[in-house]
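Enquirer: File protein17.cif follows (mmCIF, C-alpha atoms):
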data_data
#
loop_
_atom_site.label_atom_id
_atom_site.label_comp_id
_atom_site.auth_asym_id
_atom_site.auth_seq_id
_atom_site.Cartn_x
_atom_site.Cartn_y
_atom_site.Cartn_z
CA MET A 1 -28.58 -21.20 29.67
CA SER A 2 -32.33 -21.03 29.69
CA GLY A 3 -34.57 -23.73 31.10
CA SER A 4 -35.57 -25.15 27.70
CA GLU A 5 -31.93 -25.49 26.63
CA LEU A 6 -31.12 -27.36 29.85
CA ASP A 7 -34.15 -29.61 29.35
CA SER A 8 -33.04 -30.51 25.80
CA LEU A 9 -29.48 -31.15 27.04
CA PHE A 10 -30.79 -33.49 29.75
CA GLU A 11 -33.00 -35.22 27.16
CA ILE A 12 -29.93 -35.89 24.97
CA THR A 13 -27.94 -37.24 27.91
CA LYS A 14 -30.86 -39.56 28.74
CA ILE A 15 -30.79 -40.92 25.19
CA LEU A 16 -26.99 -41.22 24.90
CA ASN A 17 -24.91 -42.48 27.77
CA PHE A 18 -21.81 -44.67 27.89
CA GLY A 19 -23.70 -47.90 28.50
CA LYS A 20 -26.02 -47.34 25.55
CA ILE A 21 -23.13 -46.44 23.25
CA VAL A 22 -21.32 -49.66 24.23
CA SER A 23 -24.55 -51.63 23.71
CA LEU A 24 -24.95 -50.05 20.25
CA PHE A 25 -21.38 -51.00 19.35
CA VAL A 26 -21.90 -54.59 20.54
CA GLY A 27 -25.25 -54.85 18.71
CA VAL A 28 -23.82 -53.55 15.44
CA SER A 29 -20.83 -55.91 15.80
CA VAL A 30 -23.12 -58.90 16.35
CA LEU A 31 -25.26 -57.85 13.36
CA TRP A 32 -22.14 -57.57 11.18
CA LEU A 33 -20.94 -60.98 12.41
CA ILE A 34 -24.30 -62.60 11.54
CA VAL A 35 -24.28 -61.13 8.02
CA HIS A 36 -20.61 -62.11 7.57
CA MET A 37 -21.37 -65.72 8.61
CA ILE A 38 -24.32 -65.87 6.20
CA ASN A 39 -22.05 -64.62 3.39
CA ARG A 40 -19.42 -67.27 4.20
CA LEU A 41 -22.05 -70.02 4.33
CA SER A 42 -23.51 -68.91 1.02
CA SER A 43 -20.11 -68.91 -0.69
CA GLY A 44 -19.56 -72.48 0.51
CA LEU A 45 -23.01 -73.47 -0.66
CA GLY A 46 -22.34 -71.76 -3.99
CA GLN A 47 -19.23 -73.90 -4.46
CA LYS A 48 -21.18 -77.08 -3.73
CA LEU A 49 -24.04 -76.07 -6.05
CA PRO A 50 -22.36 -74.22 -8.94
CA SER A 51 -25.50 -74.26 -11.08
CA ARG A 52 -27.39 -72.31 -8.37
CA ARG A 53 -24.52 -70.00 -7.36
CA LEU A 54 -25.95 -66.83 -8.92
CA LEU A 55 -29.39 -67.44 -7.37
CA ILE A 56 -27.77 -68.01 -3.96
CA LEU A 57 -25.76 -64.79 -4.28
CA GLN A 58 -28.88 -62.82 -5.23
CA ILE A 59 -30.82 -64.20 -2.26
CA VAL A 60 -27.95 -63.50 0.13
CA THR A 61 -27.60 -59.92 -1.13
CA VAL A 62 -31.29 -59.22 -0.51
CA LEU A 63 -31.18 -61.01 2.84
CA SER A 64 -28.10 -59.01 3.92
CA PHE A 65 -29.80 -55.74 2.99
CA ILE A 66 -32.93 -56.68 4.95
CA LEU A 67 -30.86 -57.80 7.95
CA TYR A 68 -28.82 -54.60 8.01
CA LEU A 69 -31.87 -52.39 7.62
CA GLY A 70 -34.18 -54.23 10.01
CA GLY A 71 -31.48 -55.16 12.50
CA GLY A 72 -30.09 -51.64 12.56
CA PHE A 73 -33.54 -50.22 13.21
CA LEU A 74 -34.25 -52.74 15.97
CA ILE A 75 -30.87 -52.12 17.61
CA VAL A 76 -31.28 -48.34 17.60
CA TYR A 77 -34.92 -48.46 18.65
CA GLY A 78 -34.39 -51.14 21.28
CA ILE A 79 -31.32 -49.61 22.91
CA LEU A 80 -31.81 -45.85 22.54
CA ASP A 81 -35.61 -45.78 22.76
CA PRO A 82 -35.74 -42.48 20.87
CA PRO A 83 -38.60 -40.02 21.39
CA LYS A 84 -41.55 -40.06 19.00
CA GLU A 85 -40.62 -36.68 17.49
CA LEU A 86 -37.16 -37.95 16.53
CA LEU A 87 -38.65 -41.01 14.84
CA ILE A 88 -41.06 -38.81 12.87
CA ALA A 89 -38.21 -36.52 11.78
CA MET A 90 -36.04 -39.47 10.74
CA GLY A 91 -38.96 -41.04 8.87
CA GLY A 92 -39.59 -37.80 7.00
CA SER A 93 -35.92 -37.50 6.10
CA ALA A 94 -35.86 -41.10 4.90
CA ALA A 95 -38.99 -40.50 2.80
CA VAL A 96 -37.37 -37.50 1.10
CA ALA A 97 -34.16 -39.46 0.44
CA ILE A 98 -36.08 -42.43 -0.99
CA GLY A 99 -38.19 -40.10 -3.13
CA LEU A 100 -35.11 -38.42 -4.57
CA SER A 101 -33.40 -41.73 -5.25
CA LEU A 102 -36.47 -43.13 -7.05
CA LYS A 103 -36.87 -40.04 -9.23
CA ASP A 104 -35.01 -41.56 -12.20
CA LEU A 105 -36.88 -44.86 -11.96
CA VAL A 106 -40.27 -43.12 -11.90
CA SER A 107 -39.31 -40.89 -14.83
CA SER A 108 -38.32 -43.99 -16.84
CA LEU A 109 -41.63 -45.67 -15.98
CA VAL A 110 -43.64 -42.62 -17.08
CA ALA A 111 -41.55 -42.34 -20.25
CA GLY A 112 -42.20 -46.06 -20.87
CA LEU A 113 -45.93 -45.40 -20.78
CA ILE A 114 -45.44 -42.50 -23.20
CA LEU A 115 -43.43 -44.75 -25.55
CA LEU A 116 -46.12 -47.43 -25.44
CA PHE A 117 -48.86 -44.98 -26.45
CA ASP A 118 -46.86 -42.68 -28.75
CA ARG A 119 -45.02 -45.49 -30.57
CA PRO A 120 -42.14 -43.54 -32.18
CA PHE A 121 -40.61 -46.96 -33.01
CA GLN A 122 -41.57 -50.62 -32.70
CA VAL A 123 -39.86 -53.91 -31.96
CA GLY A 124 -37.77 -54.82 -35.01
CA ASP A 125 -37.10 -51.23 -36.12
CA ARG A 126 -33.51 -50.13 -36.60
CA VAL A 127 -32.68 -47.00 -34.64
CA THR A 128 -29.75 -44.79 -33.87
CA PHE A 129 -29.57 -43.52 -30.34
CA GLY A 130 -26.47 -41.61 -29.34
CA GLU A 131 -23.57 -43.80 -30.43
CA SER A 132 -25.64 -47.00 -30.54
CA TYR A 133 -27.18 -48.34 -33.73
CA GLY A 134 -29.17 -51.51 -33.88
CA GLU A 135 -32.50 -53.29 -33.86
CA ILE A 136 -35.08 -52.83 -31.09
CA GLN A 137 -35.36 -56.16 -29.27
CA SER A 138 -37.92 -55.16 -26.62
CA ILE A 139 -39.74 -52.13 -25.29
CA GLY A 140 -40.42 -52.39 -21.57
CA LEU A 141 -41.85 -50.05 -18.98
CA ARG A 142 -38.39 -49.16 -17.66
CA ALA A 143 -36.02 -49.57 -20.59
CA VAL A 144 -35.60 -50.39 -24.26
CA ARG A 145 -33.22 -53.19 -25.31
CA LEU A 146 -31.30 -52.63 -28.51
CA VAL A 147 -29.26 -55.33 -30.31
CA THR A 148 -26.30 -53.75 -32.07
CA LEU A 149 -24.81 -55.05 -35.32
CA ASP A 150 -22.08 -56.90 -33.40
CA ASP A 151 -24.73 -58.70 -31.26
CA ASN A 152 -24.29 -56.64 -28.11
CA ILE A 153 -27.41 -55.84 -26.12
CA VAL A 154 -27.66 -52.20 -25.07
CA THR A 155 -30.23 -51.30 -22.41
CA ILE A 156 -31.35 -47.67 -22.59
CA PRO A 157 -33.65 -46.11 -19.96
CA ASN A 158 -36.93 -44.89 -21.43
CA SER A 159 -36.49 -41.40 -20.01
CA ARG A 160 -33.54 -40.87 -22.37
CA PHE A 161 -35.74 -41.63 -25.39
CA VAL A 162 -38.16 -38.90 -24.39
CA THR A 163 -35.46 -36.25 -23.89
CA ASP A 164 -32.80 -37.18 -26.50
CA VAL A 165 -32.85 -37.48 -30.30
CA VAL A 166 -33.69 -40.88 -31.81
CA ALA A 167 -33.35 -41.67 -35.51
CA SER A 168 -35.60 -44.52 -36.67
CA GLY A 169 -35.42 -46.14 -40.07
#
Take the structure in this file and express it as structure tokens.
Expert:
Amino acid sequence: MSGSELDSLFEITKILNFGKIVSLFVGVSVLWLIVHMINRLSSGLGQKLPSRRLLILQIVTVLSFILYLGGGFLIVYGILDPPKELLIAMGGSAAVAIGLSLKDLVSSLVAGLILLFDRPFQVGDRVTFGESYGEIQSIGLRAVRLVTLDDNIVTIPNSRFVTDVVASG
């Protein structure tokens, strides 16, 4: 082995050792326990306040996501103390993953702007899109809501209107 390979091996062993792995396991377990307790408390609160149950569940879902994301980052950063280069690489990878996952949302937003300016149909028009036929209820930046003849609401992403065939009458 060359000197640089030995240096990188020693760097890895400095980052990961048995004590740090046990600390990571304990930290993740405590984080899971906190989120689990919050979920149990919210279900009890939802039973006591049935009119606010859906709001409570929405808040708890967002809070759980934030706790997992922030707590996981703090646990890894606090225990492992990773080098700056590793954090930059992980941040770049996360940025690429987030960019790819938001691709459909951004395409629907751009298509929504195109629909607002192009106006191929308006609210109140009857359209056929794929297997759905009904009246346009609303045209938003992200999606179009269509009320079918049997009073179902169909939400169609705007990007599909730009790429697929729409019959308006």
Enquirer: Any idea what the distance is between atom CA of A:Asp150 and atom CA of A:Gly134?
Expert: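 These two atoms are separated by 8.9 Å.
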Enquirer: Mind listing as a tab-separated table (two decimals) with C-alpha atoms, keeping the file's coordinate frame all residues within 12 Å of (-40.1, -41.3, -26.3), counting all atoms listed in the file?
Expert:
chain	number	residue	atom	x	y	z
A	107	SER	CA	-39.31	-40.89	-14.83
A	108	SER	CA	-38.32	-43.99	-16.84
A	109	LEU	CA	-41.63	-45.67	-15.98
A	110	VAL	CA	-43.64	-42.62	-17.08
A	111	ALA	CA	-41.55	-42.34	-20.25
A	112	GLY	CA	-42.20	-46.06	-20.87
A	113	LEU	CA	-45.93	-45.40	-20.78
A	114	ILE	CA	-45.44	-42.50	-23.20
A	115	LEU	CA	-43.43	-44.75	-25.55
A	116	LEU	CA	-46.12	-47.43	-25.44
A	117	PHE	CA	-48.86	-44.98	-26.45
A	118	ASP	CA	-46.86	-42.68	-28.75
A	119	ARG	CA	-45.02	-45.49	-30.57
A	120	PRO	CA	-42.14	-43.54	-32.18
A	121	PHE	CA	-40.61	-46.96	-33.01
A	122	GLN	CA	-41.57	-50.62	-32.70
A	129	PHE	CA	-29.57	-43.52	-30.34
A	139	ILE	CA	-39.74	-52.13	-25.29
A	141	LEU	CA	-41.85	-50.05	-18.98
A	142	ARG	CA	-38.39	-49.16	-17.66
A	143	ALA	CA	-36.02	-49.57	-20.59
A	144	VAL	CA	-35.60	-50.39	-24.26
A	156	ILE	CA	-31.35	-47.67	-22.59
A	157	PRO	CA	-33.65	-46.11	-19.96
A	158	ASN	CA	-36.93	-44.89	-21.43
A	159	SER	CA	-36.49	-41.40	-20.01
A	160	ARG	CA	-33.54	-40.87	-22.37
A	161	PHE	CA	-35.74	-41.63	-25.39
A	162	VAL	CA	-38.16	-38.90	-24.39
A	163	THR	CA	-35.46	-36.25	-23.89
A	164	ASP	CA	-32.80	-37.18	-26.50
A	165	VAL	CA	-32.85	-37.48	-30.30
A	166	VAL	CA	-33.69	-40.88	-31.81
A	167	ALA	CA	-33.35	-41.67	-35.51
A	168	SER	CA	-35.60	-44.52	-36.67
Enquirer: Which of these residues is nearest to A:Gly124, using all atoms listed in the file: A:Gly91, A:Gly169, A:Val76, A:Leu105?
Expert: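 Smallest separation from A:Gly124 among the options: A:Gly169.
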Enquirer: Step by step: start from the point (-27.3, -53.5, -25.6) in the file's coordinates, keep every protein, DNA or RNA residue that has an atom no farther than 12 Å from it, count only C-alpha atoms, and write the set as a list in words.
Expert: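 Residues lying no farther than 12 Å from the given point: Phe129, Glu131, Ser132, Tyr133, Gly134, Glu135, Ile136, Gln137, Ser138, Ala143, Val144, Arg145, Leu146, Val147, Thr148, Leu149, Asp150, Asp151, Asn152, Ile153, Val154, Thr155, Ile156 and Pro157 of chain A.
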Enquirer: I need the chosen residues saved as a CSV table (one decimal), in the frame of the given file, with C-alpha atoms.
Expert:
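For reference, again_21.csv as written:
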chain,number,residue,atom,x,y,z
A,129,PHE,CA,-29.6,-43.5,-30.3
A,131,GLU,CA,-23.6,-43.8,-30.4
A,132,SER,CA,-25.6,-47.0,-30.5
A,133,TYR,CA,-27.2,-48.3,-33.7
A,134,GLY,CA,-29.2,-51.5,-33.9
A,135,GLU,CA,-32.5,-53.3,-33.9
A,136,ILE,CA,-35.1,-52.8,-31.1
A,137,GLN,CA,-35.4,-56.2,-29.3
A,138,SER,CA,-37.9,-55.2,-26.6
A,143,ALA,CA,-36.0,-49.6,-20.6
A,144,VAL,CA,-35.6,-50.4,-24.3
A,145,ARG,CA,-33.2,-53.2,-25.3
A,146,LEU,CA,-31.3,-52.6,-28.5
A,147,VAL,CA,-29.3,-55.3,-30.3
A,148,THR,CA,-26.3,-53.8,-32.1
A,149,LEU,CA,-24.8,-55.0,-35.3
A,150,ASP,CA,-22.1,-56.9,-33.4
A,151,ASP,CA,-24.7,-58.7,-31.3
A,152,ASN,CA,-24.3,-56.6,-28.1
A,153,ILE,CA,-27.4,-55.8,-26.1
A,154,VAL,CA,-27.7,-52.2,-25.1
A,155,THR,CA,-30.2,-51.3,-22.4
A,156,ILE,CA,-31.4,-47.7,-22.6
A,157,PRO,CA,-33.6,-46.1,-20.0
Enquirer: Excluding A:Val22 and any residue of its chain fewer than 6 positions from it, enumerate the residues within 12 Å of it, using all atoms listed in the file, and give them as a PyMOL selection string.
Expert: chain A and resi 16+28-29+75+79-80
Enquirer: Find, counting only C-alpha atoms, the residue in A:Asp104, A:Leu86, A:Tyr77, A:Leu31 that gets nearest to A:Ser64.
Expert: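 Looking at the shortest contact to A:Ser64, the residue is A:Leu31.
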Enquirer: Using Å and a single decimal, report how far atom CA of A:Leu69 sits from atom CA of A:Ser93.
Expert: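 So the two atoms, atom CA of A:Ser93 and atom CA of A:Leu69, lie 15.5 Å apart.
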Enquirer: Give as a PDB file with C-alpha atoms, in the coordinates of the input the residues that the PyMOL selection byres ((chain A and resi 32-47) around 8) matches when applied to the coordinates above.
Expert:
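Output saved as out35.pdb:
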ATOM      1  CA  VAL A  28     -23.820 -53.550  15.440  1.00  0.00           C
ATOM      2  CA  SER A  29     -20.830 -55.910  15.800  1.00  0.00           C
ATOM      3  CA  VAL A  30     -23.120 -58.900  16.350  1.00  0.00           C
ATOM      4  CA  LEU A  31     -25.260 -57.850  13.360  1.00  0.00           C
ATOM      5  CA  LYS A  48     -21.180 -77.080  -3.730  1.00  0.00           C
ATOM      6  CA  LEU A  49     -24.040 -76.070  -6.050  1.00  0.00           C
ATOM      7  CA  PRO A  50     -22.360 -74.220  -8.940  1.00  0.00           C
ATOM      8  CA  ARG A  52     -27.390 -72.310  -8.370  1.00  0.00           C
ATOM      9  CA  ARG A  53     -24.520 -70.000  -7.360  1.00  0.00           C
ATOM     10  CA  LEU A  54     -25.950 -66.830  -8.920  1.00  0.00           C
ATOM     11  CA  ILE A  56     -27.770 -68.010  -3.960  1.00  0.00           C
ATOM     12  CA  LEU A  57     -25.760 -64.790  -4.280  1.00  0.00           C
ATOM     13  CA  VAL A  60     -27.950 -63.500   0.130  1.00  0.00           C
ATOM     14  CA  SER A  64     -28.100 -59.010   3.920  1.00  0.00           C
ATOM     15  CA  LEU A  67     -30.860 -57.800   7.950  1.00  0.00           C
ATOM     16  CA  TYR A  68     -28.820 -54.600   8.010  1.00  0.00           C
TER      17      TYR A  68
END
Enquirer: Expressed in Å to a single decimal, how great is the separation between atom CA of A:Ala94 and atom CA of A:Gly19?
Expert: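 According to the coordinates, atom CA of A:Ala94 and atom CA of A:Gly19 are separated by 27.4 Å.
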Enquirer: Could you write out as lines of an AutoDock Vina configuration file the box around stretch 66-78 of chain A (axis-aligned, all atoms listed in the file, 4 Å on each side), with centre and edge lengths in Å to one decimal?
Expert:
center_x = -31.9
center_y = -53.1
center_z = 13.1
size_x = 14.1
size_y = 17.5
size_z = 24.3
